[in-house]
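As provided, protein22.txt (compact mmCIF, C-alpha atoms) reads as follows.
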# COMPACT_ATOMS: atom_id res chain seq x y z
CA MET A 902 -13.34 77.45 66.46
CA ASP A 903 -13.83 81.21 66.01
CA GLU A 904 -13.61 82.89 62.63
CA MET A 905 -10.14 83.62 61.30
CA SER A 906 -10.69 87.34 61.76
CA VAL A 907 -10.41 86.62 65.50
CA GLU A 908 -7.43 84.25 65.23
CA PHE A 909 -5.42 86.46 62.85
CA ALA A 910 -5.61 90.22 63.09
CA LEU A 911 -6.08 92.18 59.88
CA PRO A 912 -2.63 93.22 58.55
CA ASP A 913 -3.66 96.89 58.35
CA ALA A 914 -6.11 96.87 61.22
CA ALA A 915 -5.20 100.44 62.16
CA SER A 916 -6.74 101.78 58.95
CA ALA A 917 -9.52 99.23 58.49
CA PRO A 918 -13.02 99.69 59.94
CA ASP A 919 -13.60 97.68 63.11
CA ASP A 920 -16.43 95.67 61.56
CA VAL A 921 -14.44 94.51 58.49
CA SER A 922 -13.80 90.77 58.65
CA VAL A 923 -11.12 88.78 56.86
CA PRO A 924 -13.65 87.21 54.41
CA GLU A 925 -14.92 90.69 53.56
CA ARG A 926 -11.38 91.94 52.97
CA LEU A 927 -10.67 88.96 50.73
CA GLN A 928 -13.82 89.65 48.73
CA ASP A 929 -12.69 93.26 48.35
CA LEU A 930 -9.39 91.99 46.93
CA VAL A 931 -11.33 90.07 44.26
CA ILE A 932 -13.40 93.12 43.37
CA ASP A 933 -10.41 95.45 43.24
CA SER A 934 -8.16 93.13 41.18
CA GLU A 935 -8.10 93.34 37.39
CA ASP A 936 -7.40 89.64 36.87
CA VAL A 937 -6.54 86.39 38.64
CA GLY A 938 -2.83 87.19 38.65
CA GLY A 939 -3.45 90.55 40.30
CA PHE A 940 -5.65 88.96 42.94
CA LEU A 941 -3.00 86.32 43.70
CA GLY A 942 -0.40 89.03 44.27
CA GLU A 943 -2.67 90.94 46.65
CA LEU A 944 -3.68 87.74 48.41
CA ALA A 945 -0.02 86.81 48.93
CA VAL A 946 0.77 90.20 50.49
CA PHE A 947 -2.32 90.04 52.71
CA SER A 948 -1.58 86.47 53.82
CA ALA A 949 2.09 87.13 54.54
CA ALA A 950 1.21 90.09 56.76
CA ALA A 951 -1.40 88.11 58.71
CA VAL A 952 0.85 85.10 59.35
CA SER A 953 3.92 87.27 60.07
CA GLU A 954 1.99 88.98 62.85
CA ALA A 955 0.79 85.63 64.19
CA VAL A 956 4.27 84.07 64.45
CA GLY A 957 6.14 87.26 65.34
CA MET A 958 8.58 87.26 62.43
CA ASN A 959 8.74 88.25 58.78
CA VAL A 960 7.17 85.43 56.76
CA HIS A 961 7.18 85.24 52.96
CA CYS A 962 4.10 83.95 51.19
CA GLY A 963 4.04 82.40 47.75
CA ILE A 964 0.94 81.17 45.95
CA THR A 965 0.90 78.59 43.19
CA LEU A 966 -2.21 78.18 41.04
CA SER A 967 -2.55 75.44 38.44
CA ARG A 968 -5.48 75.54 36.01
CA ARG A 969 -6.55 73.11 33.34
CA ARG A 970 -4.67 73.59 30.05
CA ARG A 971 -2.60 76.41 31.59
CA THR A 972 0.86 76.57 33.04
CA ALA A 973 1.15 77.18 36.78
CA THR A 974 0.79 80.78 37.93
CA VAL A 975 3.10 81.88 40.72
CA ALA A 976 2.56 84.97 42.85
CA GLY A 977 4.34 86.18 45.97
CA SER A 978 4.28 88.74 48.74
CA THR A 979 7.82 89.67 47.64
CA HIS A 980 10.11 88.98 44.71
CA GLU A 981 11.92 86.47 46.91
CA ALA A 982 8.66 84.62 47.59
CA ARG A 983 8.01 84.30 43.86
CA LEU A 984 11.56 83.09 43.32
CA ILE A 985 11.22 80.35 45.97
CA ASP A 986 8.10 78.98 44.29
CA GLU A 987 9.57 79.30 40.80
CA VAL A 988 12.62 77.28 41.93
CA GLN A 989 10.24 74.57 43.16
CA GLN A 990 8.49 74.57 39.78
CA ALA A 991 11.88 74.12 38.13
CA TYR A 992 12.65 71.09 40.32
CA GLY A 993 9.21 69.67 39.51
CA ASP A 994 8.54 68.63 43.10
CA GLY A 995 8.50 70.04 46.60
CA PRO A 996 6.24 70.70 49.59
CA CYS A 997 3.95 73.08 47.70
CA LEU A 998 3.39 70.71 44.79
CA GLU A 999 2.90 67.83 47.24
CA ALA A 1000 0.26 69.83 49.12
CA MET A 1001 -1.57 70.48 45.84
CA ARG A 1002 -1.38 66.82 44.80
CA SER A 1003 -2.35 65.31 48.14
CA HIS A 1004 -4.80 68.04 49.21
CA THR A 1005 -3.18 67.99 52.65
CA THR A 1006 -1.07 70.50 54.55
CA VAL A 1007 2.68 69.90 54.29
CA HIS A 1008 4.87 71.14 57.14
CA VAL A 1009 8.66 71.32 56.88
CA PRO A 1010 9.96 72.30 60.35
CA ASP A 1011 13.61 72.49 59.28
CA THR A 1012 14.52 72.82 55.60
CA ALA A 1013 18.23 72.26 56.34
CA THR A 1014 17.60 68.72 57.60
CA GLU A 1015 14.53 67.81 55.52
CA GLU A 1016 15.11 64.54 53.65
CA ARG A 1017 12.08 64.87 51.37
CA TRP A 1018 12.77 67.15 48.38
CA GLN A 1019 16.32 67.44 49.71
CA GLU A 1020 17.82 69.43 46.83
CA TYR A 1021 15.06 72.03 46.81
CA CYS A 1022 15.01 72.35 50.61
CA THR A 1023 18.80 72.76 50.68
CA VAL A 1024 18.58 75.60 48.17
CA ILE A 1025 15.94 77.56 50.09
CA ALA A 1026 17.68 76.87 53.43
CA GLU A 1027 20.84 78.46 52.01
CA ARG A 1028 18.72 81.49 51.10
CA GLY A 1029 17.61 81.82 54.72
CA HIS A 1030 14.21 80.13 54.57
CA LEU A 1031 14.56 77.60 57.37
CA SER A 1032 10.99 76.33 57.57
CA ALA A 1033 7.95 76.03 55.32
CA LEU A 1034 4.24 75.50 55.62
CA CYS A 1035 2.20 74.71 52.51
CA VAL A 1036 -1.59 74.71 52.76
CA PRO A 1037 -3.72 73.52 49.82
CA LEU A 1038 -6.72 75.47 48.56
CA GLU A 1039 -9.70 73.48 47.32
CA LEU A 1040 -10.94 75.01 44.07
CA ASP A 1041 -13.09 74.01 41.13
CA GLU A 1042 -13.00 74.57 37.37
CA GLY A 1043 -10.13 72.07 37.16
CA ALA A 1044 -7.87 74.23 39.33
CA THR A 1045 -5.63 73.55 42.32
CA ALA A 1046 -3.62 75.97 44.46
CA ALA A 1047 -1.60 76.29 47.65
CA LEU A 1048 -0.57 78.99 50.10
CA ASN A 1049 3.13 78.59 50.86
CA PHE A 1050 4.66 80.27 53.91
CA PHE A 1051 8.43 80.47 54.44
CA ALA A 1052 9.98 81.60 57.72
CA PRO A 1053 13.58 82.53 58.66
CA GLN A 1054 13.61 80.35 61.79
CA VAL A 1055 13.35 76.63 62.43
CA ASN A 1056 9.90 75.32 63.45
CA PRO A 1057 7.95 78.56 64.06
CA PHE A 1058 4.66 77.00 62.98
CA ASP A 1059 3.20 75.21 66.01
CA ALA A 1060 0.00 73.13 65.93
CA ALA A 1061 -2.25 76.08 66.76
CA THR A 1062 -0.69 78.25 64.04
CA ILE A 1063 -1.02 75.48 61.47
CA GLN A 1064 -4.69 75.05 62.37
CA ASN A 1065 -5.25 78.79 62.08
CA CYS A 1066 -3.54 78.83 58.68
CA GLU A 1067 -5.82 76.03 57.52
CA LEU A 1068 -8.86 77.97 58.74
CA TYR A 1069 -7.57 81.05 56.94
CA ALA A 1070 -7.01 79.00 53.77
CA SER A 1071 -10.61 77.76 53.90
CA GLN A 1072 -11.72 81.40 53.72
CA ALA A 1073 -9.12 82.44 51.17
CA GLU A 1074 -10.08 79.60 48.83
CA ARG A 1075 -13.64 80.94 48.57
CA SER A 1076 -12.33 84.23 47.23
CA LEU A 1077 -9.80 82.52 44.96
CA ARG A 1078 -12.51 80.18 43.67
CA LEU A 1079 -14.57 83.24 42.75
CA ALA A 1080 -11.58 84.90 41.08
CA VAL A 1081 -10.84 81.75 39.06
CA ARG A 1082 -14.47 81.47 37.96
CA ILE A 1083 -14.46 85.08 36.84
CA GLY A 1084 -11.14 84.51 35.08
CA VAL A 1085 -12.45 81.41 33.28
CA LYS A 1086 -15.55 83.24 32.08
CA GLN A 1087 -13.44 86.19 30.95
CA GLN A 1088 -11.09 83.84 29.08
CA HIS A 1089 -14.04 82.17 27.39
CA ALA A 1090 -15.33 85.59 26.36
CA ASP A 1091 -11.88 86.60 25.07
CA ASP A 1092 -11.54 83.31 23.17
CA LEU A 1093 -14.97 83.81 21.60
CA GLN A 1094 -14.14 87.36 20.61
CA GLU A 1095 -10.85 86.26 19.08
CA ALA A 1096 -12.61 83.47 17.20
CA MET A 1097 -15.19 85.91 15.86
CA GLN A 1098 -12.47 88.32 14.78
CA SER A 1099 -10.57 85.50 13.08
CA ARG A 1100 -13.73 84.33 11.32
CA THR A 1101 -14.42 87.86 10.10
CA VAL A 1102 -10.97 88.40 8.60
CA ILE A 1103 -11.03 84.91 7.00
CA ASP A 1104 -14.42 85.68 5.43
CA LEU A 1105 -13.08 88.99 4.10
CA ALA A 1106 -10.03 87.26 2.64
CA CYS A 1107 -12.24 84.64 0.99
CA GLY A 1108 -14.31 87.43 -0.53
CA ILE A 1109 -11.19 89.02 -1.99
CA ILE A 1110 -10.04 85.71 -3.46
CA MET A 1111 -13.51 85.06 -4.91
CA GLY A 1112 -13.41 88.46 -6.64
CA GLN A 1113 -9.90 87.95 -7.96
CA ASN A 1114 -10.34 84.39 -9.16
CA ARG A 1115 -14.10 84.27 -9.87
CA CYS A 1116 -14.45 81.15 -7.75
CA SER A 1117 -16.84 79.88 -5.12
CA GLN A 1118 -16.46 80.60 -1.41
CA GLU A 1119 -15.46 76.99 -0.74
CA GLU A 1120 -12.80 77.16 -3.47
CA ALA A 1121 -11.52 80.44 -2.04
CA PHE A 1122 -11.33 78.95 1.43
CA GLN A 1123 -9.39 75.94 0.16
CA MET A 1124 -6.92 78.28 -1.56
CA LEU A 1125 -6.48 80.13 1.71
CA LYS A 1126 -5.90 76.86 3.58
CA LYS A 1127 -3.34 75.76 1.00
CA ALA A 1128 -1.49 79.06 1.38
CA SER A 1129 -1.54 78.63 5.15
CA SER A 1130 0.01 75.18 4.84
CA THR A 1131 2.55 76.18 2.20
CA ARG A 1132 3.73 79.25 4.10
CA ASN A 1133 3.57 77.50 7.48
CA GLN A 1134 1.47 80.31 8.87
CA LYS A 1135 -1.81 80.31 10.72
CA LEU A 1136 -4.88 80.70 8.55
CA ARG A 1137 -5.79 83.95 10.31
CA VAL A 1138 -2.31 85.40 9.69
CA VAL A 1139 -2.49 84.64 5.94
CA ALA A 1140 -5.98 86.14 5.79
CA GLU A 1141 -4.91 89.28 7.67
CA SER A 1142 -1.96 89.73 5.31
CA LEU A 1143 -4.23 89.56 2.26
CA VAL A 1144 -6.84 91.92 3.72
CA LYS A 1145 -4.14 94.37 4.77
CA SER A 1146 -2.62 94.40 1.28
CA VAL A 1147 -6.00 95.35 -0.17
CA ALA A 1148 -6.69 97.92 2.56
CA GLN A 1149 -3.36 99.58 1.76
CA GLN A 1150 -4.46 99.85 -1.86
CA ALA A 1151 -1.77 97.47 -3.01
CA PRO A 1152 -3.84 94.42 -3.94
CA ILE A 1153 -2.17 91.49 -5.59
CA ALA A 1154 -3.49 90.59 -9.02
CA HIS A 1155 -4.23 87.02 -8.03
CA PHE A 1156 -3.92 85.27 -4.69
CA GLU A 1157 -1.32 82.53 -4.90
CA ALA A 1158 -0.85 79.68 -2.48
Write-out of the structure in structure tokens:
Amino acid sequence: MDEMSVEFALPDAASAPDDVSVPERLQDLVIDSEDVGGFLGELAVFSAAAVSEAVGMNVHCGITLSRRRRTATVAGSTHEARLIDEVQQAYGDGPCLEAMRSHTTVHVPDTATEERWQEYCTVIAERGHLSALCVPLELDEGATAALNFFAPQVNPFDAATIQNCELYASQAERSLRLAVRIGVKQQHADDLQEAMQSRTVIDLACGIIMGQNRCSQEEAFQMLKKASSTRNQKLRVVAESLVKSVAQQAPIAHFEA
């Protein structure tokens, strides 16, 4: 089978160089996006345009990404596309979620007569989305995702189109995998920075308590922990409050839990 750049024309082929392939465009989306959410939005727009041209009608594209210890992220080519996927998240089941769980493509030729996920399919059929195609993306880093296409006509996705969408997804997942990896590393860096900042302010607060109460660092830390528990506030918040009071030249005489 030829590359997807042959099967699906680039959505903005008129302005794109002739030698730019779909994988290269997808990589550019990763580079140009500030974060994973931004990339998902651009990917949804790009995907919707490609599939719309292939089937000859306006197709919405939603993307659902689920990462370990994080709630699902939903992006869409339009506000309506986001809404369709968010409704499915609210129901807790549907073709997209099934595609992510089973790692297989889920095709709903007619949402009005679909017996699986009947309530959800009835809702989107009433909104004019009469067919759906959900293609899973194989990722790593404990993540799963799916490309979800919704069309305004019954059964527009024939076997050839479905195969092309799966080929396209195999290329899109490489870029999404890269975006997720970058996002995970950035999150780790942000978490480390936050931890270091928290540690710094806690150490400063302990120093203040040591000076006020002429106690050891361990005793000061225990006083801070007791205050955190008593006030039902995070340790960092209590420490920041104490440091701020001193920085504003309004120190308390003695730190009290």
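Using all atoms listed in the file, the shortest contact distance between A:Tyr1069 and any of A:Asn959, A:Val937, A:Ala949, A:Met1124 is found at A:Ala949.
Residues lying within 12 Å of A:Thr1062, counting all atoms listed in the file and ignoring same-chain neighbours fewer than 6 positions away, are Met905, Glu908, Phe909, Ala951, Val952, Ser953, Glu954, Ala955, Val956, Gly957, His1008, Leu1034, Val1036, Phe1050, Asn1056, Leu1068 and Tyr1069 of chain A.
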Next on the checklist: List as a PyMOL selection string the protein and nucleic acid residues near A:Val1139, meaning an atom at most 9 Å away when all atoms listed in the file are counted, but skip any in the same chain fewer than 4 places from it.
Outcome noted: chain A and resi 1103+1106+1125-1126+1128-1129+1132+1134-1135+1143-1144
Next on the checklist: Need the shell around stretch 1022-1032 of chain A: protein/DNA/RNA residues with any atom at most 6 Å away, counting only C-alpha atoms. Skip same-chain ones fewer than 6 positions apart. Format as a PyMOL selection string?
Outcome noted: chain A and resi 1009-1013+1051-1055
Checklist entry - Which neighbours of stretch 966-969 of chain A fall inside 7 Å, counting only C-alpha atoms, when residues of the same chain fewer than 5 positions from it are skipped, and could you give them as a PyMOL selection string? => result chain A and resi 974-975+1043-1047
Checklist entry - Near stretch 990-1006 of chain A, counting all atoms listed in the file, which residues have an atom at most 6 Å away, once you skip same-chain residues fewer than 4 positions from it, shown as an NGL selection string? => result :A and (1018 or 1035-1037)
Checklist entry - At what distance in Å, to one decimal, does atom CA of A:Arg1017 lie from atom CA of A:Leu1077? => result 28.8 Å
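Note that atom CA of A:Asp936 and atom CA of A:Ile985 are 22.7 Å apart.
With distances taken over all atoms listed in the file, A:Ile964 is the one residue among A:Ile964, A:Leu1038, A:Val1147, A:Cys1107 lying closest to A:Arg983.
If you measure from each of A:Thr1014, A:Asn1049, A:Gln1019, A:Asp1041 to A:Asp986 using all atoms listed in the file, the closest one turns out to be A:Asn1049.
What separates atom CA of A:Gly977 from atom CA of A:Leu944 is a distance of 8.5 Å.
If all atoms listed in the file are the atoms counted, then among A:Ala1121, A:Cys1066, A:Val1138, A:Ala1060 the closest residue to A:Gly1108 is A:Ala1121.
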